[in-house]
Amino acid sequence: MPTSSITTVSTTPFDDQKPGTSGLRKKVKHFQQINYLENFVQSIFASIGNFQGKTLILGGDGRFYNNDAIQVILKMASANGFGKVIVGQNGIFSTPAASVVIRKNQAYGGIILSASHNPGGPDEDFGIKYNTGNGGPAPEKITDAIYSKTLEITEYLTLDTDNIDITHVASHDLNGMTVEIIDSVEDYAQLMNELFDFDAIRNMISDGFTLCFDAMHAVTGPYALEILENQLGAKKGSVINGIPQEDFGGGHPDPNLVHAHHLAELMFSEQSPDFGAASDGDGDRNMIVGNNIFVTPSDSLAIITANADLVSAYKGKVMGVARSMPTSQASDQVAKKMGIESYETPTGWKFFGNLMDADKVTLCGEESFGTGSSHIREKDGLWAVLFWLNILAVRKESVADIVKQHWHEFGRNYYSRHDYEAIESDSANNVMEGLRNKVKNLINTQTGSLTISYSDDFCYTDPVDNSVSDHQGIRIGFNNGSRIIFRLSGTGTSGATLRIYYESYETNPDNMNQDTQQALDELIKISLEISDLQTLTGRTEATVIT
Ligand code: VG1
Ligand code: CO
């Protein structure tokens with residue numbers, strides 16, 4: 001193997017490279033510091049075992065700095081001894097597509113470049129994370145090891161060579177390592193074809209069913225255009241904002257009613273199509289909207305689970321369902337009725353991977369617009385959209401009818417998340433610390449009409465490998481099934497973001513059509529009182545309410 005151009009570069013550690021909920025996320029300018037990216041990549045390579053001669057998958061959501069980073073990583077992968085790197089054309093892989101390609105090629109692992117729902121551009125965010133051979137985000141023992149390496153790194157290996165052309169599907173040699181540039185969409189679209197009844201969806205569309213998919217100028221554009229318009233026959237223009245841009249058109253690629261308000265307005269107007277959906281920067285999140293109805297992600301998981309038998313790839317095969325702790329308990333109700341196991345994990349997709357690898361769960365989801373299944377080891381935005389389209393094609397009812405029938409059968413979990421963004425870190429920590437001290441003494445306290453039946457700082461023991469993750473958020477549960485959760489975000493890049501999650505459970509059909517914020521009003525008041533939030537942070541209003 002040629003080794004002539006390998007160079008060893010001396011470096012010094014940075015002290016802020018601790019991976020968060022989904023890898024390392026910082027401002028682009030921060031990543032552009034000399035050796036910053038290189039240090040992190042070398043620390044990944046130093047933490048993942050023996051990959052000599054093996055295959056790595058590499059791609060990202062196309063945001064600013066994506067392709068610069070790809071060139072850096074290609075050279076370092078070669079110098080460190082990978083046998084092959086498979087790169088998405090133009091550096092593009094949605095996060096779910098990267099997971100598909102890792103699994104299909106039985107790769108050693110993959111590096112995904114994305115800051116997901118965070119804005120992109122020279123003054124915005126960038127991110128990098130490592131996924132293991134199962135196609136999922138690295139577990140904490142690897143991310144902890146990466147962090148330790150970043151604190152002691154003294155040198156890294158790279159090549160002194162020209163950049164590789166990643167704009168065409170082709171194969172290249174990079175100092176003895178193969179670089180294969182592949183179509184970014186093909187393998188993913190193929191898997192979706194295998195999972196869903198494309199004929200049934202195509203027929204529904206040719207019978208006049210209309211849809212609008214907002215790709216938010218992010219990575220899902222090419223995937224949605226190929227699958228929804230080319231393969232399923234949705235009329236041209238059904239996919240909006242479908243060309244990925246380095247700065248996502250200046251927007252905030254987070255699919256929720258606030259950031260995808262254009263779609264939300266359309267779906268609540270006279271011109272509403274039958275179905276609306278959106279996805280985030282890296283394509284792993286989804287928002288589902290029907291004519292005049294928004295489907296909460298927690299409900300979406302529950303409805304997908306309850307209707308899984310209508311999709312042949314899942315019929316009779318749902319072994320269990322998992323949700324992240326702050327996600328509403330709607331899917332638990334379904335699991336109980338179906339006689340399958342349900343699991344509650346900490347926030348972040350990496351916790352689902354073990355359960356799926358052990359065949360304990362088939363479907364999983366998070367309140368933050370993430371839904372997925374064991375077909376891969378990431379959440380998958382378009383997969384959720386296709387699941388819904390498949391259900392709609394079989395049931396031939398509207399989204400609103402399906403959701404309302406679901407509530408009548410299982411009860412309605414009113415749900416909302418209030419985010420307080422960019423709070424000063426110290427005040428945010430004070431809020432959490434105060435709560436942590438209080439929770440032990442809250443049990444059986446009466447507040448207003450409610451009694452607190454349990455409260456704790458969520459600690460998760462993985463049922464597969466018994467690893468323990470503590471301090472995963474404050475849970476306060478009430479006697480009537482309502483909950484308030486407090487946790488700090490692990491994906492923000494400025495100050496701290498405090499998230500408060502509210503859930504109340506309603507089984508009386510006469511009370512199922514209230515305004516969500518009104519239905520949660522009492523819980524919202526209780527949360528502000530218990531946390532002392534306004535005094536400790538000076539904030540009187542949430543930044544984003546979803
Ligand atoms: C947020 C969400 C979490 C999600 C994570 C990564 O994390 O709350 O549910 O798994 O983003 O999503 P946090 O720590 O900010 O609350 V994404 O779309 O990076 O891919
Ligand atoms: Co994402």
# chains A, B, ... in the order shown; residues from 1 in each chain; ligands from 1
>>> residues_around(residues="region 160-166 of chain A", least_positions_apart="4", cutoff="8 Å", atoms="only C-alpha atoms", output="PyMOL selection string")
chain A and resi 5-7+71+75+87-91+172+181
>>> residues_around(residues="region 452-469 of chain A", least_positions_apart="3", cutoff="6 Å", atoms="only C-alpha atoms", output="PyMOL selection string")
chain A and resi 439+443-445+472-479
>>> write_last_selection(atoms="N, CA, C and O atoms", output="short mmCIF file (atom, residue, chain, number, x, y, z; two decimals), in the first residue's frame")
data_model
loop_
_atom_site.label_atom_id
_atom_site.label_comp_id
_atom_site.auth_asym_id
_atom_site.auth_seq_id
_atom_site.Cartn_x
_atom_site.Cartn_y
_atom_site.Cartn_z
N VAL A 439 -37.33 17.25 44.02
CA VAL A 439 -38.18 16.14 43.57
C VAL A 439 -38.44 15.06 44.60
O VAL A 439 -39.52 14.50 44.66
N ILE A 443 -43.52 13.89 46.31
CA ILE A 443 -44.50 12.82 46.19
C ILE A 443 -45.64 12.99 47.18
O ILE A 443 -45.42 13.32 48.34
N ASN A 444 -46.87 12.79 46.67
CA ASN A 444 -48.11 12.96 47.43
C ASN A 444 -48.48 14.42 47.72
O ASN A 444 -49.44 14.69 48.43
N THR A 445 -47.72 15.38 47.17
CA THR A 445 -48.10 16.78 47.34
C THR A 445 -49.33 17.05 46.50
O THR A 445 -49.44 16.61 45.37
N GLN A 472 -31.31 12.23 33.34
CA GLN A 472 -31.88 12.35 32.00
C GLN A 472 -33.12 13.24 31.96
O GLN A 472 -33.81 13.28 30.96
N GLY A 473 -33.39 13.93 33.06
CA GLY A 473 -34.53 14.86 33.06
C GLY A 473 -35.41 14.63 34.27
O GLY A 473 -35.50 13.53 34.79
N ILE A 474 -36.04 15.72 34.73
CA ILE A 474 -36.90 15.64 35.91
C ILE A 474 -38.31 15.24 35.46
O ILE A 474 -38.88 15.87 34.58
N ARG A 475 -38.83 14.20 36.06
CA ARG A 475 -40.19 13.74 35.73
C ARG A 475 -41.10 14.00 36.93
O ARG A 475 -40.78 13.59 38.04
N ILE A 476 -42.21 14.63 36.66
CA ILE A 476 -43.21 14.80 37.72
C ILE A 476 -44.51 14.21 37.19
O ILE A 476 -45.06 14.69 36.19
N GLY A 477 -44.99 13.16 37.84
CA GLY A 477 -46.20 12.48 37.38
C GLY A 477 -47.35 12.71 38.34
O GLY A 477 -47.15 12.78 39.55
N PHE A 478 -48.54 12.86 37.78
CA PHE A 478 -49.72 13.13 38.62
C PHE A 478 -50.66 11.93 38.63
O PHE A 478 -50.61 11.07 37.75
N ASN A 479 -51.53 11.95 39.63
CA ASN A 479 -52.45 10.82 39.83
C ASN A 479 -53.36 10.55 38.63
O ASN A 479 -53.79 9.43 38.43
#
>>> closest_atom_pairs(of="chain A", to="ligand 2", cutoff="6 Å", atoms="only C-alpha atoms and all ligand atoms", output="CSV")
residue,atom,partner,partner_atom_place_in_ligand_line,distance
A:Ser116,CA,ligand 2,1 (Co),3.8
A:His117,CA,ligand 2,1 (Co),5.4
A:Asp280,CA,ligand 2,1 (Co),5.6
A:Gly281,CA,ligand 2,1 (Co),5.9
A:Asp282,CA,ligand 2,1 (Co),4.9
A:Gly283,CA,ligand 2,1 (Co),5.9
A:Asp284,CA,ligand 2,1 (Co),4.7
A:Arg285,CA,ligand 2,1 (Co),5.4
>>> residues_near_ligand(ligand="ligand 1", cutoff="6 Å", atoms="only C-alpha atoms and all ligand atoms", output="PyMOL selection string")
chain A and resi 21-22+116-117+284-285+347-349+366+368+489-492
>>> select_by_dssp(residues="region 293-359 of chain A", states="alpha helix (DSSP H)", output="list in words")
Pro297, Ser298, Asp299, Ser300, Leu301, Ala302, Ile303, Ile304, Thr305, Ala306, Ala330, Ser331, Asp332, Gln333, Val334, Ala335, Lys336, Lys337, Met338, Lys350, Phe351, Phe352, Gly353, Asn354, Leu355, Met356 and Asp357 of chain A
>>> residues_around(residues="Thr154 (chain A)", least_positions_apart="3", cutoff="7 Å", atoms="only C-alpha atoms", output="list in words")
Ser10, Thr11, Thr12 and Pro13 of chain A
>>> residues_around(residues="region 215-227 of chain A", least_positions_apart="6", cutoff="6 Å", atoms="only C-alpha atoms", output="PDB file with all heavy atoms, in the first residue's frame")
ATOM      1  N   ASP A  61     -25.690  16.586   5.477  1.00  0.00           N
ATOM      2  CA  ASP A  61     -26.932  17.220   5.030  1.00  0.00           C
ATOM      3  C   ASP A  61     -26.693  18.382   4.071  1.00  0.00           C
ATOM      4  O   ASP A  61     -27.615  19.098   3.722  1.00  0.00           O
ATOM      5  CB  ASP A  61     -27.779  17.647   6.237  1.00  0.00           C
ATOM      6  CG  ASP A  61     -27.094  18.698   7.105  1.00  0.00           C
ATOM      7  OD1 ASP A  61     -26.076  19.293   6.679  1.00  0.00           O
ATOM      8  OD2 ASP A  61     -27.582  18.939   8.230  1.00  0.00           O
ATOM      9  N   SER A  94     -28.804  11.892   3.566  1.00  0.00           N
ATOM     10  CA  SER A  94     -29.655  12.213   4.707  1.00  0.00           C
ATOM     11  C   SER A  94     -29.205  11.265   5.825  1.00  0.00           C
ATOM     12  O   SER A  94     -28.600  10.219   5.551  1.00  0.00           O
ATOM     13  CB  SER A  94     -31.134  11.991   4.375  1.00  0.00           C
ATOM     14  OG  SER A  94     -31.425  10.615   4.284  1.00  0.00           O
ATOM     15  N   VAL A 185     -29.463   8.757  -3.283  1.00  0.00           N
ATOM     16  CA  VAL A 185     -30.877   8.447  -3.058  1.00  0.00           C
ATOM     17  C   VAL A 185     -31.227   6.979  -3.286  1.00  0.00           C
ATOM     18  O   VAL A 185     -32.099   6.417  -2.623  1.00  0.00           O
ATOM     19  CB  VAL A 185     -31.760   9.333  -3.999  1.00  0.00           C
ATOM     20  CG1 VAL A 185     -33.236   8.986  -3.868  1.00  0.00           C
ATOM     21  CG2 VAL A 185     -31.532  10.811  -3.706  1.00  0.00           C
ATOM     22  N   ASN A 241     -39.720  23.684  -1.673  1.00  0.00           N
ATOM     23  CA  ASN A 241     -38.389  23.948  -1.098  1.00  0.00           C
ATOM     24  C   ASN A 241     -37.494  22.712  -1.221  1.00  0.00           C
ATOM     25  O   ASN A 241     -36.797  22.327  -0.278  1.00  0.00           O
ATOM     26  CB  ASN A 241     -38.498  24.393   0.368  1.00  0.00           C
ATOM     27  CG  ASN A 241     -39.369  25.637   0.514  1.00  0.00           C
ATOM     28  OD1 ASN A 241     -39.315  26.532  -0.324  1.00  0.00           O
ATOM     29  ND2 ASN A 241     -40.182  25.679   1.549  1.00  0.00           N
ATOM     30  N   GLY A 242     -37.520  22.106  -2.418  1.00  0.00           N
ATOM     31  CA  GLY A 242     -36.895  20.803  -2.613  1.00  0.00           C
ATOM     32  C   GLY A 242     -35.430  20.824  -3.014  1.00  0.00           C
ATOM     33  O   GLY A 242     -34.807  19.775  -3.144  1.00  0.00           O
ATOM     34  N   ILE A 243     -34.863  22.013  -3.246  1.00  0.00           N
ATOM     35  CA  ILE A 243     -33.446  22.053  -3.616  1.00  0.00           C
ATOM     36  C   ILE A 243     -32.630  22.361  -2.355  1.00  0.00           C
ATOM     37  O   ILE A 243     -32.785  23.423  -1.753  1.00  0.00           O
ATOM     38  CB  ILE A 243     -33.173  23.175  -4.661  1.00  0.00           C
ATOM     39  CG1 ILE A 243     -34.182  23.106  -5.822  1.00  0.00           C
ATOM     40  CG2 ILE A 243     -31.727  23.138  -5.155  1.00  0.00           C
ATOM     41  CD1 ILE A 243     -33.983  21.977  -6.800  1.00  0.00           C
ATOM     42  N   PRO A 244     -31.746  21.438  -1.949  1.00  0.00           N
ATOM     43  CA  PRO A 244     -30.957  21.685  -0.732  1.00  0.00           C
ATOM     44  C   PRO A 244     -30.063  22.915  -0.890  1.00  0.00           C
ATOM     45  O   PRO A 244     -29.484  23.122  -1.952  1.00  0.00           O
ATOM     46  CB  PRO A 244     -30.083  20.430  -0.602  1.00  0.00           C
ATOM     47  CG  PRO A 244     -30.682  19.411  -1.497  1.00  0.00           C
ATOM     48  CD  PRO A 244     -31.418  20.150  -2.569  1.00  0.00           C
ATOM     49  N   GLN A 245     -29.986  23.714   0.126  1.00  0.00           N
ATOM     50  CA  GLN A 245     -29.102  24.881   0.089  1.00  0.00           C
ATOM     51  C   GLN A 245     -28.192  24.872   1.311  1.00  0.00           C
ATOM     52  O   GLN A 245     -28.589  24.380   2.367  1.00  0.00           O
ATOM     53  CB  GLN A 245     -29.936  26.169   0.057  1.00  0.00           C
ATOM     54  CG  GLN A 245     -30.665  26.322  -1.268  1.00  0.00           C
ATOM     55  CD  GLN A 245     -31.548  27.558  -1.303  1.00  0.00           C
ATOM     56  OE1 GLN A 245     -31.374  28.483  -0.518  1.00  0.00           O
ATOM     57  NE2 GLN A 245     -32.495  27.561  -2.225  1.00  0.00           N
ATOM     58  N   PHE A 248     -29.967  26.486   4.014  1.00  0.00           N
ATOM     59  CA  PHE A 248     -31.394  26.150   4.103  1.00  0.00           C
ATOM     60  C   PHE A 248     -32.273  27.360   3.782  1.00  0.00           C
ATOM     61  O   PHE A 248     -33.321  27.565   4.397  1.00  0.00           O
ATOM     62  CB  PHE A 248     -31.732  25.583   5.491  1.00  0.00           C
ATOM     63  CG  PHE A 248     -30.834  24.452   5.907  1.00  0.00           C
ATOM     64  CD1 PHE A 248     -30.066  24.536   7.059  1.00  0.00           C
ATOM     65  CD2 PHE A 248     -30.715  23.305   5.130  1.00  0.00           C
ATOM     66  CE1 PHE A 248     -29.217  23.492   7.441  1.00  0.00           C
ATOM     67  CE2 PHE A 248     -29.870  22.260   5.501  1.00  0.00           C
ATOM     68  CZ  PHE A 248     -29.113  22.362   6.653  1.00  0.00           C
ATOM     69  N   PRO A 253     -34.381  24.752   9.714  1.00  0.00           N
ATOM     70  CA  PRO A 253     -34.962  23.525   9.143  1.00  0.00           C
ATOM     71  C   PRO A 253     -35.494  22.569  10.205  1.00  0.00           C
ATOM     72  O   PRO A 253     -35.031  21.444  10.345  1.00  0.00           O
ATOM     73  CB  PRO A 253     -33.786  22.914   8.370  1.00  0.00           C
ATOM     74  CG  PRO A 253     -32.591  23.332   9.166  1.00  0.00           C
ATOM     75  CD  PRO A 253     -32.921  24.685   9.740  1.00  0.00           C
ATOM     76  N   ALA A 278     -43.408  17.627   6.491  1.00  0.00           N
ATOM     77  CA  ALA A 278     -42.156  18.378   6.357  1.00  0.00           C
ATOM     78  C   ALA A 278     -41.059  17.567   7.024  1.00  0.00           C
ATOM     79  O   ALA A 278     -41.324  16.649   7.801  1.00  0.00           O
ATOM     80  CB  ALA A 278     -42.277  19.740   7.038  1.00  0.00           C
ATOM     81  N   SER A 279     -39.812  17.896   6.685  1.00  0.00           N
ATOM     82  CA  SER A 279     -38.717  17.208   7.361  1.00  0.00           C
ATOM     83  C   SER A 279     -37.617  18.207   7.695  1.00  0.00           C
ATOM     84  O   SER A 279     -37.678  19.357   7.281  1.00  0.00           O
ATOM     85  CB  SER A 279     -38.171  16.067   6.516  1.00  0.00           C
ATOM     86  OG  SER A 279     -37.643  16.592   5.338  1.00  0.00           O
ATOM     87  N   GLY A 281     -33.343  19.401   8.666  1.00  0.00           N
ATOM     88  CA  GLY A 281     -32.071  19.592   7.973  1.00  0.00           C
ATOM     89  C   GLY A 281     -31.493  18.301   7.439  1.00  0.00           C
ATOM     90  O   GLY A 281     -31.096  18.210   6.276  1.00  0.00           O
ATOM     91  N   ASP A 282     -31.436  17.268   8.256  1.00  0.00           N
ATOM     92  CA  ASP A 282     -30.781  16.021   7.847  1.00  0.00           C
ATOM     93  C   ASP A 282     -31.766  14.903   7.531  1.00  0.00           C
ATOM     94  O   ASP A 282     -31.354  13.751   7.336  1.00  0.00           O
ATOM     95  CB  ASP A 282     -29.782  15.569   8.916  1.00  0.00           C
ATOM     96  CG  ASP A 282     -30.447  15.269  10.257  1.00  0.00           C
ATOM     97  OD1 ASP A 282     -31.469  15.915  10.566  1.00  0.00           O
ATOM     98  OD2 ASP A 282     -29.954  14.397  10.985  1.00  0.00           O
ATOM     99  N   GLY A 283     -33.062  15.223   7.499  1.00  0.00           N
ATOM    100  CA  GLY A 283     -34.041  14.266   6.979  1.00  0.00           C
ATOM    101  C   GLY A 283     -34.483  13.188   7.928  1.00  0.00           C
ATOM    102  O   GLY A 283     -35.162  12.247   7.523  1.00  0.00           O
TER     103      GLY A 283
END
>>> select_by_dssp(residues="region 127-312 of chain A", states="strand (DSSP E)", output="count of residues only")
41
>>> closest_residue(among="A:Gly276, A:Pro122, A:Gly339, A:Pro96", to="Ala306 (chain A)", atoms="only C-alpha atoms")
A:Gly339
>>> closest_atom_pairs(of="region 112-217 of chain A", to="region 398-421 of chain A", cutoff="12 Å", atoms="only C-alpha atoms", output="CSV")
residue,atom,partner,partner_atom,distance
A:Phe209,CA,A:Ser398,CA,10.2
A:Thr210,CA,A:Ser398,CA,11.5
A:Leu211,CA,A:Val399,CA,11.8
>>> closest_residue(among="A:Asn354, A:Ser238, A:Thr95, A:Ser300", to="Ser184 (chain A)", atoms="only C-alpha atoms")
A:Thr95
>>> residues_around(residues="Arg103 (chain A)", least_positions_apart="6", cutoff="10 Å", atoms="only C-alpha atoms", output="ChimeraX atom specification")
/A:57,97,109-110,132-136,375-377
>>> closest_residue(among="A:Ile146, A:Leu536, A:Val385, A:Ala322", to="Asp426 (chain A)", atoms="only C-alpha atoms")
A:Leu536
>>> atom_distance(atom1="CA of Ser328 (chain A)", atom2="CA of Leu195 (chain A)")
26.5 Å
>>> closest_residue(among="A:Asn441, A:Met177, A:Ile545, A:Phe196", to="Tyr314 (chain A)", atoms="only C-alpha atoms")
A:Phe196
>>> closest_atom_pairs(of="region 173-234 of chain A", to="region 35-56 of chain A", cutoff="12 Å", atoms="only C-alpha atoms", output="Markdown table")
| residue | atom | partner | partner_atom | distance |
| --- | --- | --- | --- | --- |
| A:Gly176 | CA | A:Gly53 | CA | 9.9 |
| A:Met177 | CA | A:Gly53 | CA | 8.2 |
| A:Thr178 | CA | A:Thr55 | CA | 9.1 |
| A:Val179 | CA | A:Leu56 | CA | 9.7 |
| A:Glu180 | CA | A:Thr55 | CA | 10.3 |
>>> write_last_selection(atoms="C-alpha atoms", output="PDB file, in the first residue's frame")
ATOM      1  CA  GLY A 176      -4.304   2.962  -1.453  1.00  0.00           C
ATOM      2  CA  MET A 177      -7.821   3.566  -0.107  1.00  0.00           C
ATOM      3  CA  THR A 178     -10.812   3.310  -2.458  1.00  0.00           C
ATOM      4  CA  VAL A 179     -13.187   6.262  -2.514  1.00  0.00           C
ATOM      5  CA  GLU A 180     -16.491   5.269  -4.039  1.00  0.00           C
TER       6      GLU A 180
END
>>> atom_distance(atom1="CA of Ala422 (chain A)", atom2="CA of Arg499 (chain A)")
11.2 Å
>>> residues_around(residues="region 269-272 of chain A", least_positions_apart="4", cutoff="10 Å", atoms="only C-alpha atoms", output="ChimeraX atom specification")
/A:210-212,263-265,276,290-292
>>> write_last_selection(atoms="C-alpha atoms", output="mmCIF file, in the first residue's frame")
data_model
loop_
_atom_site.group_PDB
_atom_site.id
_atom_site.type_symbol
_atom_site.label_atom_id
_atom_site.label_comp_id
_atom_site.auth_asym_id
_atom_site.auth_seq_id
_atom_site.Cartn_x
_atom_site.Cartn_y
_atom_site.Cartn_z
ATOM 1 C CA THR A 210 -53.229 15.548 -2.954
ATOM 2 C CA LEU A 211 -50.206 16.254 -0.802
ATOM 3 C CA CYS A 212 -47.601 18.873 -0.017
ATOM 4 C CA LEU A 263 -47.131 24.542 5.330
ATOM 5 C CA ALA A 264 -49.166 24.876 8.522
ATOM 6 C CA GLU A 265 -51.076 27.840 7.083
ATOM 7 C CA GLY A 276 -48.997 17.700 4.468
ATOM 8 C CA GLY A 290 -53.875 16.736 7.727
ATOM 9 C CA ASN A 291 -56.503 19.139 6.498
ATOM 10 C CA ASN A 292 -57.224 21.218 9.616
#
>>> atom_distance(atom1="CA of Tyr501 (chain A)", atom2="CA of Arg323 (chain A)")
14.1 Å
